[in-house]
Structure formats: C-alpha cells, structure tokens
>>> print(open('protein-v8.tsv').read())   # TSV, C-alpha atoms
chain	number	residue	atom	x	y	z
Z	66	MET	CA	-10.28	11.11	-34.48
Z	67	GLU	CA	-12.09	9.31	-37.26
Z	68	ARG	CA	-11.88	5.53	-37.45
Z	69	PRO	CA	-10.06	4.26	-40.54
Z	70	VAL	CA	-12.25	2.66	-43.17
Z	71	VAL	CA	-11.40	-1.04	-43.51
Z	72	SER	CA	-12.58	-2.88	-46.58
Z	73	VAL	CA	-14.70	-5.93	-45.80
Z	74	ILE	CA	-13.04	-7.58	-48.78
Z	75	GLU	CA	-9.58	-7.12	-47.25
Z	76	HIS	CA	-10.64	-8.04	-43.70
Z	77	PRO	CA	-14.05	-9.76	-43.77
Z	78	PHE	CA	-14.14	-10.47	-39.99
Z	79	SER	CA	-11.68	-8.23	-38.20
Z	80	PHE	CA	-12.24	-8.26	-34.43
Z	81	SER	CA	-10.58	-5.78	-32.12
Z	82	LEU	CA	-11.43	-7.53	-28.83
Z	83	LEU	CA	-12.63	-11.06	-29.46
Z	84	GLN	CA	-10.24	-13.67	-30.78
Z	85	PRO	CA	-11.70	-16.49	-32.89
Z	86	ARG	CA	-10.48	-19.93	-31.78
Z	87	SER	CA	-11.03	-23.47	-32.94
Z	88	LEU	CA	-13.39	-24.80	-30.27
Z	89	PRO	CA	-15.24	-27.91	-31.50
Z	90	PRO	CA	-18.03	-29.49	-29.42
Z	91	ARG	CA	-16.75	-31.45	-26.44
Z	92	VAL	CA	-16.77	-35.23	-26.78
Z	93	GLY	CA	-16.46	-38.15	-24.41
Z	94	PRO	CA	-18.57	-39.79	-21.68
Z	95	GLY	CA	-21.17	-37.41	-20.30
Z	96	TYR	CA	-21.10	-35.01	-23.25
Z	97	GLN	CA	-23.87	-34.68	-25.83
Z	98	VAL	CA	-26.12	-37.26	-24.19
Z	99	ILE	CA	-29.68	-37.58	-25.45
Z	100	LEU	CA	-31.99	-39.03	-22.80
Z	101	ASN	CA	-34.91	-41.30	-23.60
Z	102	ALA	CA	-38.01	-42.53	-21.80
Z	103	SER	CA	-36.03	-45.14	-19.84
Z	104	ASP	CA	-33.67	-42.46	-18.43
Z	105	ASP	CA	-34.80	-40.42	-15.45
Z	106	PRO	CA	-33.54	-36.84	-16.00
Z	107	ARG	CA	-33.60	-36.23	-12.25
Z	108	ASP	CA	-30.66	-38.60	-11.87
Z	109	TRP	CA	-28.65	-36.23	-14.07
Z	110	LEU	CA	-29.91	-32.90	-12.79
Z	111	VAL	CA	-29.10	-33.52	-9.13
Z	112	ASP	CA	-25.41	-34.00	-10.03
Z	113	ILE	CA	-25.01	-30.78	-12.05
Z	114	THR	CA	-22.85	-28.16	-10.36
Z	115	GLY	CA	-21.79	-24.67	-11.34
Z	116	VAL	CA	-23.22	-22.27	-13.86
Z	117	CYS	CA	-25.15	-24.03	-16.62
Z	118	VAL	CA	-25.95	-23.17	-20.24
Z	119	ILE	CA	-29.58	-23.78	-21.18
Z	120	ASP	CA	-31.38	-23.87	-24.52
Z	121	LEU	CA	-35.03	-24.71	-25.08
Z	122	GLU	CA	-36.67	-26.36	-28.04
Z	123	THR	CA	-40.30	-25.30	-28.30
Z	124	ARG	CA	-43.44	-25.79	-30.29
Z	125	GLY	CA	-44.18	-22.20	-31.31
Z	126	LEU	CA	-42.32	-19.01	-30.57
Z	127	GLN	CA	-44.59	-17.37	-27.96
Z	128	ALA	CA	-44.87	-19.08	-24.58
Z	129	TRP	CA	-48.33	-17.68	-23.80
Z	130	GLU	CA	-50.09	-18.81	-27.00
Z	131	PRO	CA	-52.45	-21.81	-26.63
Z	132	GLY	CA	-50.97	-25.10	-27.82
Z	133	ASN	CA	-47.37	-23.95	-27.53
Z	134	CYS	CA	-45.07	-25.87	-25.21
Z	135	ILE	CA	-41.47	-26.78	-24.43
Z	136	VAL	CA	-40.54	-30.04	-26.17
Z	137	GLY	CA	-36.90	-30.32	-25.09
Z	138	ILE	CA	-34.24	-28.84	-22.84
Z	139	GLY	CA	-30.52	-28.75	-23.59
Z	140	LEU	CA	-28.03	-28.20	-20.78
Z	141	ALA	CA	-24.25	-27.82	-20.79
Z	142	TRP	CA	-21.96	-27.34	-17.81
Z	143	SER	CA	-18.30	-27.85	-16.94
Z	144	GLU	CA	-18.51	-31.65	-16.92
Z	145	GLY	CA	-21.24	-32.60	-19.36
Z	146	SER	CA	-24.11	-31.80	-21.71
Z	147	ILE	CA	-27.50	-33.44	-22.08
Z	148	TYR	CA	-30.72	-33.10	-24.04
Z	149	ILE	CA	-33.96	-33.88	-22.21
Z	150	PRO	CA	-36.91	-34.53	-24.58
Z	151	ILE	CA	-39.28	-33.27	-21.92
Z	152	SER	CA	-42.45	-33.99	-23.88
Z	153	ILE	CA	-41.99	-37.77	-23.38
Z	154	TYR	CA	-41.99	-37.59	-19.57
Z	155	PRO	CA	-45.01	-37.72	-17.22
Z	156	THR	CA	-46.32	-34.62	-15.47
Z	157	GLU	CA	-44.67	-35.31	-12.11
Z	158	ILE	CA	-41.20	-35.42	-13.67
Z	159	CYS	CA	-41.86	-32.24	-15.67
Z	160	ASP	CA	-43.02	-30.50	-12.48
Z	161	TRP	CA	-39.84	-31.61	-10.70
Z	162	ILE	CA	-37.73	-30.25	-13.57
Z	163	SER	CA	-39.62	-26.95	-13.42
Z	164	GLN	CA	-38.89	-26.65	-9.70
Z	165	TRP	CA	-35.22	-27.52	-10.29
Z	166	LEU	CA	-34.94	-24.80	-12.93
Z	167	ARG	CA	-36.56	-22.26	-10.62
Z	168	ASN	CA	-34.28	-23.06	-7.67
Z	169	TYR	CA	-30.94	-23.83	-9.32
Z	170	SER	CA	-28.77	-21.30	-7.50
Z	171	PRO	CA	-25.53	-21.26	-9.56
Z	172	GLY	CA	-27.62	-19.86	-12.41
Z	173	PHE	CA	-27.97	-20.13	-16.16
Z	174	ILE	CA	-26.49	-18.73	-19.35
Z	175	ALA	CA	-28.48	-18.62	-22.58
Z	176	HIS	CA	-27.68	-17.24	-25.98
Z	177	ASN	CA	-31.06	-15.52	-26.10
Z	178	VAL	CA	-32.36	-14.86	-22.59
Z	179	ILE	CA	-35.38	-12.93	-23.86
Z	180	PHE	CA	-36.58	-16.10	-25.63
Z	181	ASP	CA	-35.57	-18.86	-23.22
Z	182	GLY	CA	-36.35	-16.62	-20.26
Z	183	SER	CA	-39.93	-16.00	-21.39
Z	184	TRP	CA	-40.59	-19.74	-21.62
Z	185	LEU	CA	-38.99	-20.46	-18.26
Z	186	TRP	CA	-40.85	-17.58	-16.61
Z	187	SER	CA	-44.11	-19.00	-17.92
Z	188	THR	CA	-43.23	-22.61	-17.08
Z	189	CYS	CA	-41.84	-21.84	-13.62
Z	190	GLY	CA	-45.01	-20.21	-12.35
Z	191	GLY	CA	-44.16	-16.58	-13.03
Z	192	THR	CA	-40.71	-16.61	-11.43
Z	193	HIS	CA	-37.35	-16.15	-13.10
Z	194	PRO	CA	-34.44	-18.54	-12.76
Z	195	ARG	CA	-31.12	-16.93	-11.86
Z	196	TRP	CA	-29.63	-15.54	-15.06
Z	197	VAL	CA	-25.86	-15.10	-15.22
Z	198	ALA	CA	-25.35	-13.97	-18.82
Z	199	CYS	CA	-26.90	-13.61	-22.26
Z	200	THR	CA	-24.29	-14.46	-24.87
Z	201	TYR	CA	-26.20	-12.67	-27.63
Z	202	GLY	CA	-26.10	-9.50	-25.55
Z	203	LEU	CA	-22.42	-9.96	-24.68
Z	204	LEU	CA	-21.52	-10.69	-28.29
Z	205	TYR	CA	-23.25	-7.48	-29.35
Z	206	GLN	CA	-21.57	-5.51	-26.55
Z	207	LEU	CA	-18.06	-6.89	-27.13
Z	208	ALA	CA	-17.96	-7.36	-30.92
Z	209	ASN	CA	-19.69	-4.22	-32.03
Z	210	GLU	CA	-17.15	-3.13	-34.63
Z	211	GLY	CA	-19.98	-2.89	-37.10
Z	212	PHE	CA	-18.24	-4.28	-40.17
Z	213	ILE	CA	-20.33	-5.26	-43.15
Z	214	GLY	CA	-21.97	-8.63	-42.66
Z	215	GLN	CA	-21.49	-8.73	-38.89
Z	216	GLU	CA	-24.12	-10.77	-37.08
Z	217	TYR	CA	-24.68	-11.86	-33.49
Z	218	GLY	CA	-26.61	-15.10	-33.86
Z	219	LEU	CA	-25.30	-18.37	-32.47
Z	220	LYS	CA	-24.96	-20.08	-35.86
Z	221	TRP	CA	-22.86	-17.16	-37.08
Z	222	ALA	CA	-20.70	-17.40	-33.97
Z	223	GLN	CA	-20.24	-21.14	-34.54
Z	224	ARG	CA	-18.70	-20.46	-37.93
Z	225	HIS	CA	-16.75	-17.24	-37.34
Z	226	LEU	CA	-15.76	-17.29	-33.67
Z	227	LEU	CA	-15.62	-21.00	-32.81
Z	228	LEU	CA	-14.40	-21.82	-36.35
Z	229	TRP	CA	-16.69	-24.81	-36.84
Z	230	PRO	CA	-16.47	-26.21	-40.38
Z	231	GLN	CA	-20.28	-26.11	-40.59
Z	232	GLN	CA	-23.18	-24.81	-38.54
Z	233	GLY	CA	-24.93	-27.06	-36.08
Z	234	ASP	CA	-28.26	-27.07	-37.92
Z	235	VAL	CA	-27.23	-28.99	-41.05
Z	236	GLU	CA	-28.82	-32.33	-40.08
Z	237	LEU	CA	-31.99	-30.63	-38.84
Z	238	ILE	CA	-32.39	-28.69	-42.10
Z	239	ASP	CA	-31.83	-31.89	-44.08
Z	240	TRP	CA	-34.56	-33.59	-42.02
Z	241	LEU	CA	-37.01	-30.71	-42.58
Z	242	ARG	CA	-36.45	-30.95	-46.30
Z	243	SER	CA	-36.78	-34.74	-46.40
Z	244	ALA	CA	-39.98	-34.56	-44.30
Z	245	GLY	CA	-41.47	-31.98	-46.67
Z	246	TYR	CA	-41.44	-29.04	-44.24
Z	247	VAL	CA	-40.43	-26.42	-46.78
Z	248	SER	CA	-42.06	-23.28	-48.08
Z	249	ALA	CA	-43.19	-22.77	-51.66
Z	250	SER	CA	-39.78	-21.26	-52.39
Z	251	GLY	CA	-37.98	-24.28	-50.94
Z	252	THR	CA	-36.92	-22.66	-47.65
Z	253	PRO	CA	-36.93	-25.03	-44.64
Z	254	GLN	CA	-39.77	-24.21	-42.23
Z	255	LYS	CA	-37.98	-23.93	-38.88
Z	256	GLY	CA	-41.32	-23.44	-37.17
Z	257	GLU	CA	-41.86	-27.17	-37.70
Z	258	MET	CA	-38.54	-28.31	-36.25
Z	259	TRP	CA	-40.23	-29.41	-33.01
Z	260	ARG	CA	-41.60	-32.36	-34.97
Z	261	ALA	CA	-38.13	-33.81	-35.57
Z	262	PRO	CA	-37.19	-36.98	-33.64
Z	263	ALA	CA	-35.06	-36.57	-30.52
Z	264	GLU	CA	-31.91	-37.85	-32.21
Z	265	ILE	CA	-32.19	-35.01	-34.75
Z	266	LEU	CA	-33.65	-32.19	-32.64
Z	267	GLY	CA	-31.62	-33.27	-29.63
Z	268	LYS	CA	-28.34	-33.17	-31.52
Z	269	TYR	CA	-29.21	-29.72	-32.86
Z	270	CYS	CA	-29.98	-28.48	-29.33
Z	271	LEU	CA	-26.83	-30.05	-27.89
Z	272	LEU	CA	-24.67	-28.34	-30.48
Z	273	ASP	CA	-26.33	-25.07	-29.49
Z	274	VAL	CA	-25.57	-25.48	-25.77
Z	275	GLU	CA	-22.06	-26.75	-26.49
Z	276	SER	CA	-21.33	-23.74	-28.70
Z	277	THR	CA	-22.87	-21.32	-26.18
Z	278	TRP	CA	-20.70	-22.83	-23.43
Z	279	ALA	CA	-17.53	-22.49	-25.52
Z	280	LEU	CA	-18.46	-19.00	-26.69
Z	281	TYR	CA	-19.01	-17.74	-23.14
Z	282	GLN	CA	-16.21	-19.56	-21.31
Z	283	HIS	CA	-13.39	-19.19	-23.83
Z	284	ILE	CA	-14.16	-16.11	-25.92
Z	285	LEU	CA	-16.60	-13.71	-24.26
Z	286	HIS	CA	-15.97	-14.06	-20.53
Z	287	PRO	CA	-12.16	-13.65	-20.66
Z	288	VAL	CA	-12.66	-10.31	-22.43
Z	289	LEU	CA	-15.63	-9.26	-20.29
Z	290	CYS	CA	-13.50	-9.66	-17.14
Z	291	GLN	CA	-11.28	-6.84	-18.39
Z	292	PHE	CA	-14.18	-4.35	-18.28
Z	293	GLU	CA	-15.51	-4.13	-14.73
Z	294	GLU	CA	-18.20	-1.56	-15.52
Z	295	LEU	CA	-19.52	-3.51	-18.50
Z	296	GLU	CA	-19.56	-6.70	-16.43
Z	297	HIS	CA	-21.60	-4.90	-13.78
Z	298	TYR	CA	-23.90	-3.36	-16.39
Z	299	HIS	CA	-24.56	-6.72	-18.06
Z	300	SER	CA	-25.20	-8.68	-14.87
Z	301	THR	CA	-27.27	-5.99	-13.19
Z	302	TYR	CA	-28.98	-3.54	-15.56
Z	303	PHE	CA	-29.08	-5.49	-18.81
Z	304	LEU	CA	-30.43	-8.75	-17.36
Z	305	THR	CA	-32.87	-6.84	-15.14
Z	306	LEU	CA	-34.20	-5.06	-18.21
Z	307	VAL	CA	-34.58	-8.41	-19.99
Z	308	ARG	CA	-36.60	-9.79	-17.08
Z	309	LEU	CA	-38.84	-6.71	-17.09
Z	310	LEU	CA	-39.38	-6.98	-20.85
Z	311	ILE	CA	-40.40	-10.63	-20.46
Z	312	GLU	CA	-43.00	-9.70	-17.86
Z	313	GLN	CA	-44.24	-6.67	-19.79
Z	314	THR	CA	-44.63	-8.74	-22.95
Z	315	TYR	CA	-46.91	-11.07	-21.01
Z	316	HIS	CA	-48.79	-8.61	-18.81
Z	317	GLY	CA	-48.28	-5.23	-20.41
Z	318	VAL	CA	-47.00	-2.39	-18.25
Z	319	ARG	CA	-48.20	-2.94	-14.68
Z	320	VAL	CA	-48.46	-0.35	-11.91
Z	321	ASP	CA	-47.18	-1.39	-8.49
Z	322	VAL	CA	-50.22	0.03	-6.64
Z	323	PRO	CA	-49.02	-0.60	-3.03
Z	324	ARG	CA	-45.67	1.04	-3.78
Z	325	LEU	CA	-47.42	3.96	-5.50
Z	326	GLN	CA	-49.68	4.45	-2.47
Z	327	GLU	CA	-46.69	4.29	-0.14
Z	328	TYR	CA	-44.92	6.94	-2.22
Z	329	ALA	CA	-48.03	9.16	-2.25
Z	330	ALA	CA	-48.23	8.96	1.57
Z	331	SER	CA	-44.55	9.89	1.89
Z	332	LEU	CA	-45.11	12.88	-0.42
Z	333	ARG	CA	-48.04	14.09	1.72
Z	334	GLU	CA	-45.87	13.88	4.85
Z	335	ARG	CA	-43.08	15.75	3.13
Z	336	LEU	CA	-45.48	18.47	1.97
Z	337	VAL	CA	-46.66	19.01	5.55
Z	338	GLU	CA	-43.07	19.11	6.80
Z	339	GLU	CA	-41.96	21.59	4.13
Z	340	HIS	CA	-45.04	23.77	4.63
Z	341	THR	CA	-44.41	23.95	8.38
Z	342	LYS	CA	-40.74	24.61	7.83
Z	343	PHE	CA	-41.60	27.53	5.52
Z	344	LEU	CA	-44.17	29.10	7.85
Z	345	THR	CA	-41.82	28.95	10.83
Z	346	HIS	CA	-38.72	30.15	9.00
Z	347	PRO	CA	-37.23	33.20	10.82
Z	348	GLU	CA	-37.22	35.30	7.65
Z	349	VAL	CA	-40.87	34.48	6.94
Z	350	ALA	CA	-42.68	33.97	10.26
Z	351	ASP	CA	-42.88	37.67	11.27
Z	352	HIS	CA	-44.26	38.67	7.87
Z	353	ILE	CA	-46.94	35.99	8.06
Z	354	ARG	CA	-48.02	37.10	11.54
Z	355	GLU	CA	-48.17	40.73	10.37
Z	356	PHE	CA	-50.16	39.72	7.31
Z	357	HIS	CA	-52.74	37.95	9.46
Z	358	ARG	CA	-52.95	40.91	11.89
Z	359	ASP	CA	-53.60	43.28	8.97
Z	360	ARG	CA	-56.35	41.00	7.61
Z	361	LYS	CA	-57.95	40.78	11.03
Z	362	SER	CA	-57.94	44.55	11.53
Z	363	THR	CA	-59.60	45.25	8.16
Z	364	ARG	CA	-62.56	42.93	8.76
>>> encode(input="protein-v8.tsv", output="structure tokens")
Amino acid sequence: MERPVVSVIEHPFSFSLLQPRSLPPRVGPGYQVILNASDDPRDWLVDITGVCVIDLETRGLQAWEPGNCIVGIGLAWSEGSIYIPISIYPTEICDWISQWLRNYSPGFIAHNVIFDGSWLWSTCGGTHPRWVACTYGLLYQLANEGFIGQEYGLKWAQRHLLLWPQQGDVELIDWLRSAGYVSASGTPQKGEMWRAPAEILGKYCLLDVESTWALYQHILHPVLCQFEELEHYHSTYFLTLVRLLIEQTYHGVRVDVPRLQEYAASLRERLVEEHTKFLTHPEVADHIREFHRDRKSTR
C-alpha cells in the first residue's frame, strides 16, 4: 500500500512517532553551572550518578590532528548540568578527568557519538567510555518520515521537537560576528568558536547538553522503549559500529593477527578431521583400499 502524499505546506513537521513538547532548559541551583579556575571539577564529578549526557567543545574537528584539543566539557544528568573549561586546569586535573570519563560505569549519551567518541577515545588512551545512546542516531531511526526539510541536528531538534523559541547558538554567533570571525560572505566561522570566553562558549555547550538530555529522556527514550528490537539494535550493533568506525578512522582497517592465526589453526585441525572422516567412511573406505591395491599391482 502506497503512503499518502502529505504536502509540507499543509503539515510542515508531521511526526508519526515522536511528539514535540515544550521542554525549556532546566533552571535552578546545580543547573547550567560554568566552572572557573577557582572551582575544582573533581568535587562535582564524584557526586554525579546515573547516565550522563556529554558534549565536547574542541579546537578543530579531528582529534588526531596536531594542535587540536578539547577546550571544554559539558555534562548533564538527572540532578544538574555543568560546563568545565578544561583548558584552564593543570595537567593533573585533566588526567583525573580523563580517568573519570574512562571509568564512569553508568555511561554517557551524546548527540553525535562519532564526534565526541573520537575525541574521548583519543583522550582516554585508546579506550572507549561506556556509550548508552546517540541521540542523532535515535532521532534518525525514530523520526525517519522523510518529509521535506527534515533534519536530525540538535539545533533543529531544539526548535521543532523541544519547541525552544530560538536555537541555543544565538549568543555564540553574535560573539563570532562581533569578534570578526566571519567569512567573506558574512557567515560566522564556527571553526573559531573555541576562542569564545567560557561564559559564551560554556552557555552554548550547556544548552546543548540540556537539550540532549530533554530530547533523550522525554521524547526519544519513551518511544524507543516500545520497540525492543530497535532498542537492542541501537545499544548493541549501532554503537559497536560507531566505536569501530572511530578506531578505523584513526588506524585504518586493522587485522587481528593472533585471532587470524588461531582461526587458521582451527581450520587445519578441521581439515584433518574431515579428511580422516571421509577416508574411513563405510561407503568410501573399501573403494580406497581397492584403488591402492590396483595401483600396487600395476607397478
């Protein structure tokens, strides 16, 4: 049965599964906190419980290119949200944060695991943190009606699923323009956003983690729970594929030599077993003996 054609003019954003809701950023003590040099982020991190949304602000887009680095980390969980301008802290604190990220067992959600995951994999010594969900992937998997103008980015979701009156990058874009980071055509150069002060970049990052938290907890996850096979696919196959892509982007395709050698040895054993089984088979053994007797007698 063909799907009916729905005019994008009549129904510009018509969802069949996901229900847009007014979900503004959370406010109050402990929410949208920007740390500074006098705050020790470890005092906050040790008190975080449960699954946590993470978003990274970086200098550059590729984690493995020289000079690129993480400049800030945004986190949101059930009871708070913070922005850590990691570039202002000494090495020992950054190392502690890296170990915390690597070992945080409840796990993380990100809107773009392929991006944030590549930076964390590089920063955490070639190990992956525990990923629970990628909201970009879930949004694509659960809102794939395919109407004209449909997107899956977080800023789009802020406007059309969380019903924010404006996207969370307005102040950052204004700062880029005022600081002169614009192209010849007047487009803000988002590649320079890492230069923004913490109160600007931090607020931008906090709005990202707040919106990712709301998107997952209140819009995506309640629908995902209704589809057991999709939930299993996303948590197992999809996120495993993302982790493999991160590693392959860095290393290229690698051969697991010990496993390949182990498989080759098992194949050799199986060949011997099957060969013996064939030669001793009751329907074959007599013919083989007769064949060898005939060869012997003709020599």
>>> closest_atom_pairs(input="protein-v8.tsv", of="region 257-305 of chain Z", to="region 151-174 of chain Z", cutoff="9 Å", atoms="all atoms listed in the file", output="CSV")
residue,atom,partner,partner_atom,distance
Z:Thr277,CA,Z:Ile174,CA,8.2
Z:Trp278,CA,Z:Ile174,CA,8.2
Z:Tyr281,CA,Z:Ile174,CA,8.4
>>> write_last_selection(input="protein-v8.tsv", atoms="C-alpha atoms", output="short mmCIF file (atom, residue, chain, number, x, y, z; two decimals), keeping the file's coordinate frame")
data_model
loop_
_atom_site.label_atom_id
_atom_site.label_comp_id
_atom_site.auth_asym_id
_atom_site.auth_seq_id
_atom_site.Cartn_x
_atom_site.Cartn_y
_atom_site.Cartn_z
CA THR Z 277 -22.87 -21.32 -26.18
CA TRP Z 278 -20.70 -22.83 -23.43
CA TYR Z 281 -19.01 -17.74 -23.14
#
>>> residues_around(input="protein-v8.tsv", residues="Phe303 (chain Z)", least_positions_apart="6", cutoff="12 Å", atoms="only C-alpha atoms", output="ChimeraX atom specification")
/Z:178-179,196-203,206,295-297,309-310
>>> closest_residue(input="protein-v8.tsv", among="Z:Glu216, Z:Asp120, Z:Glu144, Z:Glu312", to="Tyr269 (chain Z)", atoms="only C-alpha atoms")
Z:Asp120
>>> residues_near_point(input="protein-v8.tsv", point="(-41.1, -26.8, -21.5)", cutoff="10 Å", atoms="all atoms listed in the file", output="mmCIF file with C-alpha atoms, in the coordinates of the input")
data_model
loop_
_atom_site.group_PDB
_atom_site.id
_atom_site.type_symbol
_atom_site.label_atom_id
_atom_site.label_comp_id
_atom_site.auth_asym_id
_atom_site.auth_seq_id
_atom_site.Cartn_x
_atom_site.Cartn_y
_atom_site.Cartn_z
ATOM 1 C CA LEU Z 121 -35.030 -24.710 -25.080
ATOM 2 C CA GLU Z 122 -36.670 -26.360 -28.040
ATOM 3 C CA THR Z 123 -40.300 -25.300 -28.300
ATOM 4 C CA ARG Z 124 -43.440 -25.790 -30.290
ATOM 5 C CA ALA Z 128 -44.870 -19.080 -24.580
ATOM 6 C CA ASN Z 133 -47.370 -23.950 -27.530
ATOM 7 C CA CYS Z 134 -45.070 -25.870 -25.210
ATOM 8 C CA ILE Z 135 -41.470 -26.780 -24.430
ATOM 9 C CA VAL Z 136 -40.540 -30.040 -26.170
ATOM 10 C CA GLY Z 137 -36.900 -30.320 -25.090
ATOM 11 C CA ILE Z 138 -34.240 -28.840 -22.840
ATOM 12 C CA PRO Z 150 -36.910 -34.530 -24.580
ATOM 13 C CA ILE Z 151 -39.280 -33.270 -21.920
ATOM 14 C CA SER Z 152 -42.450 -33.990 -23.880
ATOM 15 C CA CYS Z 159 -41.860 -32.240 -15.670
ATOM 16 C CA ASP Z 160 -43.020 -30.500 -12.480
ATOM 17 C CA ILE Z 162 -37.730 -30.250 -13.570
ATOM 18 C CA SER Z 163 -39.620 -26.950 -13.420
ATOM 19 C CA ASP Z 181 -35.570 -18.860 -23.220
ATOM 20 C CA TRP Z 184 -40.590 -19.740 -21.620
ATOM 21 C CA LEU Z 185 -38.990 -20.460 -18.260
ATOM 22 C CA SER Z 187 -44.110 -19.000 -17.920
ATOM 23 C CA THR Z 188 -43.230 -22.610 -17.080
ATOM 24 C CA CYS Z 189 -41.840 -21.840 -13.620
#
>>> residues_around(input="protein-v8.tsv", residues="Ala279 (chain Z)", least_positions_apart="4", cutoff="7 Å", atoms="all atoms listed in the file", output="PDB file with C-alpha atoms, keeping the file's coordinate frame")
ATOM      1  CA  LEU Z  88     -13.390 -24.800 -30.270  1.00  0.00           C
ATOM      2  CA  GLU Z 275     -22.060 -26.750 -26.490  1.00  0.00           C
ATOM      3  CA  HIS Z 283     -13.390 -19.190 -23.830  1.00  0.00           C
TER       4      HIS Z 283
END
>>> closest_residue(input="protein-v8.tsv", among="Z:Arg195, Z:Arg324, Z:His357, Z:His176", to="Ser300 (chain Z)", atoms="all atoms listed in the file")
Z:Arg195
>>> closest_residue(input="protein-v8.tsv", among="Z:His299, Z:Arg260, Z:Arg333, Z:His352", to="Trp240 (chain Z)", atoms="only C-alpha atoms")
Z:Arg260
>>> build_atoms(input="protein-v8.tsv", residues="region 277-295 of chain Z", atoms="N, CA, C and O atoms", output="short mmCIF file (atom, residue, chain, number, x, y, z; two decimals), in the coordinates of the input")
data_model
loop_
_atom_site.label_atom_id
_atom_site.label_comp_id
_atom_site.auth_asym_id
_atom_site.auth_seq_id
_atom_site.Cartn_x
_atom_site.Cartn_y
_atom_site.Cartn_z
N THR Z 277 -22.66 -22.43 -27.11
CA THR Z 277 -22.87 -21.32 -26.18
C THR Z 277 -21.89 -21.41 -25.02
O THR Z 277 -21.33 -20.40 -24.56
N TRP Z 278 -21.66 -22.63 -24.52
CA TRP Z 278 -20.70 -22.83 -23.43
C TRP Z 278 -19.30 -22.38 -23.86
O TRP Z 278 -18.63 -21.63 -23.15
N ALA Z 279 -18.87 -22.85 -25.04
CA ALA Z 279 -17.53 -22.49 -25.52
C ALA Z 279 -17.42 -21.00 -25.78
O ALA Z 279 -16.40 -20.36 -25.46
N LEU Z 280 -18.47 -20.42 -26.37
CA LEU Z 280 -18.46 -19.00 -26.69
C LEU Z 280 -18.32 -18.16 -25.42
O LEU Z 280 -17.52 -17.21 -25.38
N TYR Z 281 -19.07 -18.52 -24.38
CA TYR Z 281 -19.01 -17.74 -23.14
C TYR Z 281 -17.69 -17.97 -22.39
O TYR Z 281 -17.00 -17.01 -22.02
N GLN Z 282 -17.35 -19.24 -22.17
CA GLN Z 282 -16.21 -19.56 -21.31
C GLN Z 282 -14.88 -19.16 -21.92
O GLN Z 282 -13.98 -18.68 -21.20
N HIS Z 283 -14.72 -19.33 -23.22
CA HIS Z 283 -13.39 -19.19 -23.83
C HIS Z 283 -13.21 -17.93 -24.67
O HIS Z 283 -12.07 -17.56 -24.97
N ILE Z 284 -14.31 -17.28 -25.06
CA ILE Z 284 -14.16 -16.11 -25.92
C ILE Z 284 -14.74 -14.85 -25.28
O ILE Z 284 -14.07 -13.82 -25.21
N LEU Z 285 -15.97 -14.92 -24.79
CA LEU Z 285 -16.60 -13.71 -24.26
C LEU Z 285 -16.16 -13.37 -22.84
O LEU Z 285 -15.77 -12.24 -22.55
N HIS Z 286 -16.24 -14.34 -21.94
CA HIS Z 286 -15.97 -14.06 -20.53
C HIS Z 286 -14.54 -13.58 -20.27
O HIS Z 286 -14.35 -12.64 -19.48
N PRO Z 287 -13.51 -14.17 -20.90
CA PRO Z 287 -12.16 -13.65 -20.66
C PRO Z 287 -11.99 -12.18 -21.03
O PRO Z 287 -11.22 -11.46 -20.40
N VAL Z 288 -12.72 -11.73 -22.05
CA VAL Z 288 -12.66 -10.31 -22.43
C VAL Z 288 -13.53 -9.48 -21.50
O VAL Z 288 -13.14 -8.39 -21.07
N LEU Z 289 -14.71 -9.98 -21.17
CA LEU Z 289 -15.63 -9.26 -20.29
C LEU Z 289 -14.96 -8.94 -18.95
O LEU Z 289 -15.17 -7.86 -18.39
N CYS Z 290 -14.16 -9.86 -18.44
CA CYS Z 290 -13.50 -9.66 -17.14
C CYS Z 290 -12.57 -8.45 -17.14
O CYS Z 290 -12.21 -7.93 -16.08
N GLN Z 291 -12.18 -7.99 -18.31
CA GLN Z 291 -11.28 -6.84 -18.39
C GLN Z 291 -12.03 -5.51 -18.26
O GLN Z 291 -11.40 -4.46 -18.14
N PHE Z 292 -13.37 -5.57 -18.31
CA PHE Z 292 -14.18 -4.35 -18.28
C PHE Z 292 -15.17 -4.44 -17.12
O PHE Z 292 -16.29 -4.92 -17.28
N GLU Z 293 -14.73 -3.98 -15.96
CA GLU Z 293 -15.51 -4.13 -14.73
C GLU Z 293 -16.88 -3.46 -14.84
O GLU Z 293 -17.89 -4.01 -14.41
N GLU Z 294 -16.93 -2.27 -15.43
CA GLU Z 294 -18.20 -1.56 -15.52
C GLU Z 294 -19.17 -2.26 -16.47
O GLU Z 294 -20.37 -2.31 -16.21
N LEU Z 295 -18.65 -2.79 -17.58
CA LEU Z 295 -19.52 -3.51 -18.50
C LEU Z 295 -20.02 -4.80 -17.86
O LEU Z 295 -21.18 -5.17 -18.03
#
